[in-house]
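Data block below; observations after.
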Amino acid sequence: MQSHLNPAGAAPSKGAISIRNVTKVYDPDGAQVMAVDNCSMEIAPGEVCMIVGPSGCGKTTLLNAIAGFHSITGGEILLDGVPLCGAKKPLADQGSDRIVVFQNGALFPWKTLAENVAYGPMVQGRWPKAECIERARTALQEAGLGAVADKYPGEVSSGMARRAEIVRALINEPKVLLLDEPYRAMDALTKQIMHEALLEMYDRTKVTIYFITHDLEEAIFLGDRVYVMTTRPCRVKKVIDINLPRPRDYHTLTSEAFRLLVQEADEAVHEEAIKAFQAGEREMA
Amino acid sequence: MSAVTTLEPAAPPPPAFRRRSKLERTLSNAAFWRGLVGLLAFLLIWQAGGFLHTSLGLEVPFFSKLPAPTAVAGAASEVVVQSGYWMSWVESVKRVMAGFLIAQLIGIPFGLALAVNRYFRDIFFPPFEILRPIPPLAWVPAALIFWPTNEMSIIFVTFLGAFFTIVINVLGGARTIDVRYLRAAQSMGANQWHLFSRIILPGTLPSIFTGAAVGMGITWNVVLAAEMVSGGGSQSGGGLGFFIWSSYMGGSMEHIIVGMISIGIAGYLSSALIRVIGERVMPWRRAF
């Protein structure tokens, strides 16, 4: 599994996530909505793990549990063998080893892009303030955002903002990057550029990525492994290993291997989408 | 990397036109001229209404008792050279500023405390909500009895006018900060102080300025009424409210209108001041 991730043979960065029999029931004393049911995944360090499933299936619940935003009601989650949350401690501590990039973006509107990127190191007191800003600038420069480093998020395009947000996450050198449909509602061309930028950053950092998406082609293009989830309650329905060679670029999208993988995943997802749709209709009626 | 670097925006092209001065830009702005036309039309109709009455003897409702703008302008030109008129300005501005600033100083921390601390909110929000609907002017008699001087009573009532609005805005603003910002900050290692000073405070600033703008309007309302009620009598006369009141007692409609327009200008200047400060303090809002 690791061979194609680290062709140079460098030691993989840490960041193994073990999700073991995790269950999440919302409102356990009342309505008892089961969001996640006995869900298990083993994510290797430096793996790009793509989670695909219908809307509202509980993918984000799992992400929130890893990030420490929500508690779990059963099972356990470990990071590099150390329990984050489990039976004794249902809510994980939040930490800069796991950083979330949110669905609609969460750059602070009142800070420039450079100040946004410098925020993490600054509050952690990693370097003096001036150095934080300097390093933030360098990091933005490397991501091709040098010219807009002193602009506010409201002044740049959504694509630039989203890339800056990933830079802001990576400067903290997290073990795991948690992305919750970061490129949703972007047009196909912008998405394409986002993907290549993300892959480029991934090739440099080899951070473990937990990436939630609706978009199957996105999942297969970016991922080492695609988890297709069932509709609520969320369970792993199918695991697809993506053995497309890295580094990948847009030529990958037209290869025969890519097409076959999409077909394979499509069948699994389609079935769940129909179930989710019917369940939705029942709820409406 | 190549796909990424192409996104780098090119250096802005040199401006093709000479940058024009603010005056030039204003004069070539159609909206400015439309505004001027509206203002002139307003004055013209007012003047015409008075003319119908004075020259043709027609009874036009409302206009018959209204002095013409030229008469008001005449009265204004007499008034503006008197120091008493400017003392009225100074008195009112002092009261508005005192009440307003005290309301900000107490209201912003109070609103933030309500927003971030559940226990504080549970204890202080119910009495606050009962006092809030009481119109500031209903406090005037009690304030006159309670405070040793009229001046203090007026400032107290002015303070009340702004205080409740400020607190409600700050509370609402701080409570509706997007949870994503808080989560992002926390996951990057922010402690409680960082969360407050770097996320909640800047995130609440727009609401603080909304509260300030609305509160400023209310303080002008309140100070005027309070001056009319209390300032007519003894030690602390003066103020634009008293100016209008004494003009009424003296039977000079022209002076009443001069006083009213003065208040309009004062209110306009105060909101302009708040807007300018707001743009200074929140540079990111200029992008919108």
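Identifiers in the structure tokens: chain A, B, ... in order shown; residue index from 1 per chain; ligand index from 1 in order shown.
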
task = Would you kindly return, as a PyMOL selection string, each protein, DNA or RNA residue with an atom no farther than 8 Å from any atom of Ala276 (chain A), considering only C-alpha atoms and excluding same-chain residues fewer than 5 positions away?
result = chain A and resi 54-55+231-232

request  = Could you give me the residues within region 106-191 of chain A that DSSP places in strand (DSSP E or B), as a list in words?
outcome  =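 Reading the DSSP output for region 106-191 of chain A, strand (DSSP E or B) covers Val176, Leu177, Leu178, Leu179 and Asp180 of chain A.
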
Those same residues - N, CA and C atoms - I'd like them written as an mmCIF file, in the first residue's frame.
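After the write, out_13.cif holds the following:
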data_model
loop_
_atom_site.group_PDB
_atom_site.id
_atom_site.type_symbol
_atom_site.label_atom_id
_atom_site.label_comp_id
_atom_site.auth_asym_id
_atom_site.auth_seq_id
_atom_site.Cartn_x
_atom_site.Cartn_y
_atom_site.Cartn_z
ATOM 1 N N VAL A 176 -3.201 14.552 10.278
ATOM 2 C CA VAL A 176 -4.372 14.218 9.467
ATOM 3 C C VAL A 176 -5.043 15.498 9.001
ATOM 4 N N LEU A 177 -5.409 15.500 7.726
ATOM 5 C CA LEU A 177 -6.184 16.603 7.180
ATOM 6 C C LEU A 177 -7.600 16.082 6.953
ATOM 7 N N LEU A 178 -8.579 16.734 7.563
ATOM 8 C CA LEU A 178 -9.961 16.294 7.439
ATOM 9 C C LEU A 178 -10.689 17.272 6.524
ATOM 10 N N LEU A 179 -11.126 16.791 5.367
ATOM 11 C CA LEU A 179 -11.781 17.691 4.419
ATOM 12 C C LEU A 179 -13.232 17.288 4.239
ATOM 13 N N ASP A 180 -14.127 18.224 4.485
ATOM 14 C CA ASP A 180 -15.556 17.944 4.397
ATOM 15 C C ASP A 180 -16.118 18.600 3.143
#

task = Could you list the residues in chain A lying within 7 Å of chain B, using only C-alpha atoms, and format the result as a ChimeraX atom specification?
result = /A:94-96,99-100,106,108-110,120,123-124,144-145,147,152,154-155,193,197,200

message = Env of Ile106 (chain B): 12 Å cut, atoms = only C-alpha atoms, seq-sep filter 2 positions within chain, self excluded. Answer as a ChimeraX atom specification.
response = /B:99-104,108-113,159-160,162-164,166-167,170

Restricting the output to C-alpha atoms, write the selected residues as an mmCIF file, in the first residue's frame.
data_model
loop_
_atom_site.group_PDB
_atom_site.id
_atom_site.type_symbol
_atom_site.label_atom_id
_atom_site.label_comp_id
_atom_site.auth_asym_id
_atom_site.auth_seq_id
_atom_site.Cartn_x
_atom_site.Cartn_y
_atom_site.Cartn_z
ATOM 1 C CA GLY B 99 -24.654 58.975 27.418
ATOM 2 C CA PHE B 100 -23.522 57.200 24.274
ATOM 3 C CA LEU B 101 -19.964 56.518 25.409
ATOM 4 C CA ILE B 102 -21.029 55.285 28.835
ATOM 5 C CA ALA B 103 -23.559 53.028 27.101
ATOM 6 C CA GLN B 104 -20.788 51.621 24.875
ATOM 7 C CA ILE B 108 -20.282 46.058 24.964
ATOM 8 C CA PRO B 109 -18.685 44.114 27.842
ATOM 9 C CA PHE B 110 -22.125 43.341 29.249
ATOM 10 C CA GLY B 111 -23.370 42.043 25.892
ATOM 11 C CA LEU B 112 -20.226 39.972 25.370
ATOM 12 C CA ALA B 113 -20.485 38.529 28.859
ATOM 13 C CA PHE B 159 -27.468 56.333 28.310
ATOM 14 C CA LEU B 160 -30.523 54.095 28.696
ATOM 15 C CA ALA B 162 -28.460 53.562 23.673
ATOM 16 C CA PHE B 163 -27.622 50.879 26.226
ATOM 17 C CA PHE B 164 -30.363 48.343 25.482
ATOM 18 C CA ILE B 166 -26.143 48.145 22.059
ATOM 19 C CA VAL B 167 -26.433 45.135 24.339
ATOM 20 C CA VAL B 170 -23.629 42.763 20.713
#

request  = For Thr213 (chain A), work out the shell of residues within 9 Å, counting only C-alpha atoms and skipping chain neighbours fewer than 3 positions away, then give it as an MDAnalysis selection string.
outcome  = chainID A and resid 50:53 179:184 216 218:219

Residues as selected, N, CA and C atoms, written as a PDB file, in the first residue's frame, can you do that?
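For reference, out-v3.pdb as written:
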ATOM      1  N   MET A  50     -10.916   8.382   0.810  1.00  0.00           N
ATOM      2  CA  MET A  50     -12.062   9.128   0.304  1.00  0.00           C
ATOM      3  C   MET A  50     -13.351   8.469   0.786  1.00  0.00           C
ATOM      4  N   ILE A  51     -14.243   9.271   1.345  1.00  0.00           N
ATOM      5  CA  ILE A  51     -15.503   8.749   1.869  1.00  0.00           C
ATOM      6  C   ILE A  51     -16.625   9.219   0.961  1.00  0.00           C
ATOM      7  N   VAL A  52     -17.313   8.276   0.343  1.00  0.00           N
ATOM      8  CA  VAL A  52     -18.397   8.625  -0.572  1.00  0.00           C
ATOM      9  C   VAL A  52     -19.691   8.041  -0.044  1.00  0.00           C
ATOM     10  N   GLY A  53     -20.736   8.838  -0.096  1.00  0.00           N
ATOM     11  CA  GLY A  53     -22.027   8.311   0.343  1.00  0.00           C
ATOM     12  C   GLY A  53     -23.104   9.341   0.115  1.00  0.00           C
ATOM     13  N   LEU A 179     -11.126  16.791   5.367  1.00  0.00           N
ATOM     14  CA  LEU A 179     -11.781  17.691   4.419  1.00  0.00           C
ATOM     15  C   LEU A 179     -13.232  17.288   4.239  1.00  0.00           C
ATOM     16  N   ASP A 180     -14.127  18.224   4.485  1.00  0.00           N
ATOM     17  CA  ASP A 180     -15.556  17.944   4.397  1.00  0.00           C
ATOM     18  C   ASP A 180     -16.118  18.600   3.143  1.00  0.00           C
ATOM     19  N   GLU A 181     -16.164  17.847   2.075  1.00  0.00           N
ATOM     20  CA  GLU A 181     -16.657  18.352   0.789  1.00  0.00           C
ATOM     21  C   GLU A 181     -16.129  19.751   0.484  1.00  0.00           C
ATOM     22  N   PRO A 182     -14.809  19.907   0.435  1.00  0.00           N
ATOM     23  CA  PRO A 182     -14.267  21.259   0.316  1.00  0.00           C
ATOM     24  C   PRO A 182     -14.556  21.908  -1.037  1.00  0.00           C
ATOM     25  N   TYR A 183     -14.767  21.089  -2.063  1.00  0.00           N
ATOM     26  CA  TYR A 183     -14.910  21.681  -3.406  1.00  0.00           C
ATOM     27  C   TYR A 183     -16.342  21.586  -3.907  1.00  0.00           C
ATOM     28  N   ARG A 184     -17.252  21.415  -2.979  1.00  0.00           N
ATOM     29  CA  ARG A 184     -18.651  21.372  -3.352  1.00  0.00           C
ATOM     30  C   ARG A 184     -19.046  22.718  -3.964  1.00  0.00           C
ATOM     31  N   LEU A 216     -17.947  10.990  -7.210  1.00  0.00           N
ATOM     32  CA  LEU A 216     -17.226   9.735  -7.374  1.00  0.00           C
ATOM     33  C   LEU A 216     -15.911   9.904  -8.124  1.00  0.00           C
ATOM     34  N   GLU A 218     -14.107  12.535  -8.391  1.00  0.00           N
ATOM     35  CA  GLU A 218     -13.175  13.224  -7.508  1.00  0.00           C
ATOM     36  C   GLU A 218     -12.540  12.225  -6.549  1.00  0.00           C
ATOM     37  N   ALA A 219     -13.374  11.336  -6.001  1.00  0.00           N
ATOM     38  CA  ALA A 219     -12.890  10.361  -5.027  1.00  0.00           C
ATOM     39  C   ALA A 219     -11.830   9.460  -5.647  1.00  0.00           C
TER      40      ALA A 219
END

request  = Rank nothing, just name the residue among A:Arg163, A:Arg235, A:Lys206, A:Arg248 nearest to Ile19 (chain A), using only C-alpha atoms.
outcome  =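 Checking each candidate against Ile19 (chain A), we get A:Arg235 as the closest.
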
inquiry  = Report as JSON, numbers by chain all protein, DNA and RNA residues lying within 12 Å of Val82 (chain A), evaluated on only C-alpha atoms, omitting residues in the same chain fewer than 5 positions from it.
reply    = {"A": [14, 15, 16, 17, 18, 19, 76, 77, 92]}

What would the file look like if the residues just selected were written as a PDB file, in the first residue's frame with C-alpha atoms?
ATOM      1  CA  LYS A  14       2.670   9.410  11.190  1.00  0.00           C
ATOM      2  CA  GLY A  15      -1.078   9.677  11.048  1.00  0.00           C
ATOM      3  CA  ALA A  16      -2.687   6.251  11.163  1.00  0.00           C
ATOM      4  CA  ILE A  17      -6.379   6.403  12.043  1.00  0.00           C
ATOM      5  CA  SER A  18      -8.198   3.379  13.364  1.00  0.00           C
ATOM      6  CA  ILE A  19     -11.951   3.627  13.492  1.00  0.00           C
ATOM      7  CA  GLU A  76     -13.268   3.813  19.624  1.00  0.00           C
ATOM      8  CA  ILE A  77     -11.076   5.952  17.398  1.00  0.00           C
ATOM      9  CA  ALA A  92     -11.917  13.525  21.578  1.00  0.00           C
TER      10      ALA A  92
END

request  = List the neighbours of Pro61 (chain B) out to 12 Å using only C-alpha atoms; skip same-chain residues closer than 4 positions along the sequence, and give me the result as a PyMOL selection string.
outcome  = chain B and resi 49-50+52-53+65-66

Output of the above residues as an mmCIF file, in the first residue's frame, restricted to N, CA and C atoms:
data_model
loop_
_atom_site.group_PDB
_atom_site.id
_atom_site.type_symbol
_atom_site.label_atom_id
_atom_site.label_comp_id
_atom_site.auth_asym_id
_atom_site.auth_seq_id
_atom_site.Cartn_x
_atom_site.Cartn_y
_atom_site.Cartn_z
ATOM 1 N N GLY B 49 -45.693 76.580 -1.477
ATOM 2 C CA GLY B 49 -46.815 76.448 -0.552
ATOM 3 C C GLY B 49 -46.998 77.721 0.259
ATOM 4 N N GLY B 50 -45.886 78.251 0.768
ATOM 5 C CA GLY B 50 -45.949 79.484 1.548
ATOM 6 C C GLY B 50 -46.398 80.666 0.696
ATOM 7 N N LEU B 52 -48.372 80.658 -1.928
ATOM 8 C CA LEU B 52 -49.812 80.595 -2.165
ATOM 9 C C LEU B 52 -50.565 81.277 -1.034
ATOM 10 N N HIS B 53 -50.068 81.088 0.188
ATOM 11 C CA HIS B 53 -50.763 81.640 1.336
ATOM 12 C C HIS B 53 -50.503 83.142 1.478
ATOM 13 N N LYS B 65 -49.323 77.664 8.053
ATOM 14 C CA LYS B 65 -48.667 78.017 9.303
ATOM 15 C C LYS B 65 -47.156 77.890 9.204
ATOM 16 N N LEU B 66 -46.688 77.380 8.059
ATOM 17 C CA LEU B 66 -45.272 77.081 7.915
ATOM 18 C C LEU B 66 -44.543 78.280 7.309
#

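In this structure, CA of Met194 (chain A) sits 21.3 Å away from CA of Asn243 (chain A).
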
note = Across B:Val60, B:Leu201, B:Ala31, B:Ala143, the smallest distance to Ala48 (chain B), with only C-alpha atoms counted, is shown by B:Val60

task = Using DSSP on the backbone, list every residue of region 21-246 of chain A that comes out as alpha helix (DSSP H), and give them as a PyMOL selection string.
result = chain A and resi 59-67+113-124+129-142+158-170+188-205+216-222

message = So that I can see what lies close to Phe128 (chain B), please list as number ranges by chain the residues with an atom at most 10 Å from it, counting only C-alpha atoms and leaving out residues fewer than 4 positions away in the same chain.
response = B: 121, 123-124, 132-133, 164, 167-168

message = To one decimal place in Å, what is the distance between CA of Arg168 (chain A) and CA of Arg137 (chain A)?
response =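 CA of Arg168 (chain A) sits 10.7 Å away from CA of Arg137 (chain A).
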
remark   = Between CA of Thr176 (chain B) and CA of Lys89 (chain A) lies a distance of 29.1 Å
